[in-house]
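The structure appears right after this line, and notes come after that.
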Amino acid sequence: LGATMLGRMLTLHRMIFTRHINAIAASVDEDKVMELYDRDKVIYDHLPWWMKPSVKFEEKAAHIRFEGLNTLILYQQSSAKSGLGQGRQFEVSHLTECASWDDKGTIKIALDFMPTIPQSIHTLCILESTAQGRGNWWHEYTEETRIGHHPEWTYVFVPWYAEASREAKGVIMGTF
């Protein structure tokens, strides 16, 4: 369905056209985080020369900082020992495969990450995942969002029958 790619494009758009932005991209494991990083590199590498900011420093699948814009993209795994984005604020954030995160990972989303989301019209936060059943944290949170218990989030659900790949994808986008 392209929810992950859409999230990466929106993140890079903010990073390239806005100054002083901190972003986080997080997923369930090292392989998925590497995929996010690779997608960002493909987008960056295909920008026209006049639009491409210079990279101040970069560590593969860890972070990218653009020079002159003072923007940073940080990449994290759900299994990281420290809290998810702990001690920082991210104006732009994109978490993928949220339903696949183990219990410790979902606690990190709910307790470590969500309280740090800035309450601003400039904030963009995307949480997305395939459904992966009922009764898990992702199902409960998306259902609460769908019925209006989290008004700061916009609920988007694409059912399996709407897409040829037959895989349902849920996306929550926050505009605080």
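Ordering of the structure tokens sets the chain letters (A, B, ...), residue numbers begin anew at 1 in every chain, and ligands are numbered from 1 in the order given.
Every protein or nucleic acid residue with an atom no more than 12 Å from Asp38 in chain A, counting only C-alpha atoms and leaving out same-chain residues fewer than 3 positions away, appears here: Met5, Arg8, Ala25, Asp31, Lys32, Val33, Met34, Glu35, Lys41, Val42, Ile43, Tyr44, Asp45, Lys60, Ala61, Ala62, His63, Ile64 and Tyr75 of chain A.
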Filtering to C-alpha atoms, could you give me those residues as a tab-separated table (two decimals), in the first residue's frame?
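Produced file part-v8.tsv, reproduced below:
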chain	number	residue	atom	x	y	z
A	5	MET	CA	7.18	4.89	1.72
A	8	ARG	CA	9.55	8.31	4.53
A	25	ALA	CA	12.29	6.73	12.35
A	31	ASP	CA	16.54	-5.17	9.40
A	32	LYS	CA	13.41	-2.97	9.29
A	33	VAL	CA	15.36	0.07	10.52
A	34	MET	CA	17.91	-0.54	7.77
A	35	GLU	CA	15.03	-0.59	5.28
A	41	LYS	CA	18.96	7.29	0.98
A	42	VAL	CA	17.13	6.45	-2.26
A	43	ILE	CA	14.96	9.55	-1.89
A	44	TYR	CA	17.98	11.72	-1.05
A	45	ASP	CA	20.13	10.31	-3.87
A	60	LYS	CA	24.47	4.10	8.47
A	61	ALA	CA	21.06	3.21	9.98
A	62	ALA	CA	21.80	5.40	13.03
A	63	HIS	CA	21.43	9.06	11.98
A	64	ILE	CA	21.76	11.66	9.22
A	75	TYR	CA	16.92	5.74	13.49
### Message
Using DSSP secondary structure from the backbone, list all strand (DSSP E) positions within range 47-163 of chain A, as number ranges by chain.
### Response
A: 55-59, 63-66, 71-77, 92-95, 124-130, 153-158
### Query
Which of these, A:Thr130, A:Thr18, A:Thr116, A:Thr145, has the shortest distance to Ser93 in chain A once you count only C-alpha atoms?
A:Thr116
### Query
Which residues in range 3-120 of chain A does DSSP call helix (DSSP H, G or I)? List them as an MDAnalysis selection string.
chainID A and resid 3:17 30:45 98:100 103:116
### Given only C-alpha atoms as the counted atoms, nearest of A:Leu10, A:Ile16, A:Val92, A:Ala23 to Trp50 in chain A
A:Ile16
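If you measure from each of A:Ser82, A:Gln77, A:Ile121, A:Tyr37 to Glu58 in chain A using only C-alpha atoms, the closest one turns out to be A:Tyr37.
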### Query
Quick one: distance from CA of Ile109 in chain A to CA of Glu128 in chain A in Å, one decimal?
12.4 Å
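Those residues that approach Asn22 in chain A to within 9 Å, counting only C-alpha atoms, are A:Met15, A:His20, A:Ile24, A:Asn70, A:Thr71, A:Leu72, A:Ile73, A:Leu74, A:Arg88, A:Gln89, A:Phe90, A:Glu91, A:Val92, A:Ser93; same-chain residues fewer than 2 positions away are not listed.
If you measure from each of A:Gly105, A:Trp137, A:Phe57, A:Phe66 to Ser79 in chain A using only C-alpha atoms, the closest one turns out to be A:Gly105.
The space separating CA of Thr142 in chain A from CA of Glu30 in chain A comes to 24.9 Å.
Proximity to Asp103 in chain A was assessed for A:Thr123, A:Leu69, A:Lys52, A:Asn136 counting only C-alpha atoms; the smallest distance is recorded for A:Asn136.
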### Task
Write out as JSON, numbers by chain which residues come within 9 Å of Met51 in chain A when counting only C-alpha atoms, dropping same-chain ones fewer than 2 positions away.
{"A": [16, 17, 47, 48, 49, 53]}
### Query
What does the distance between CA of Gly85 in chain A and CA of Asp112 in chain A come to in Å, to one decimal place?
7.2 Å
### Task
Write out as an MDAnalysis selection string which residues come within 12 Å of Leu127 in chain A when counting only C-alpha atoms, dropping same-chain ones fewer than 3 positions away.
chainID A and resid 3:4 6:8 24:27 92:99 101 106 109:110 113:114 124 130 138 141:142 145 153:157 169:175
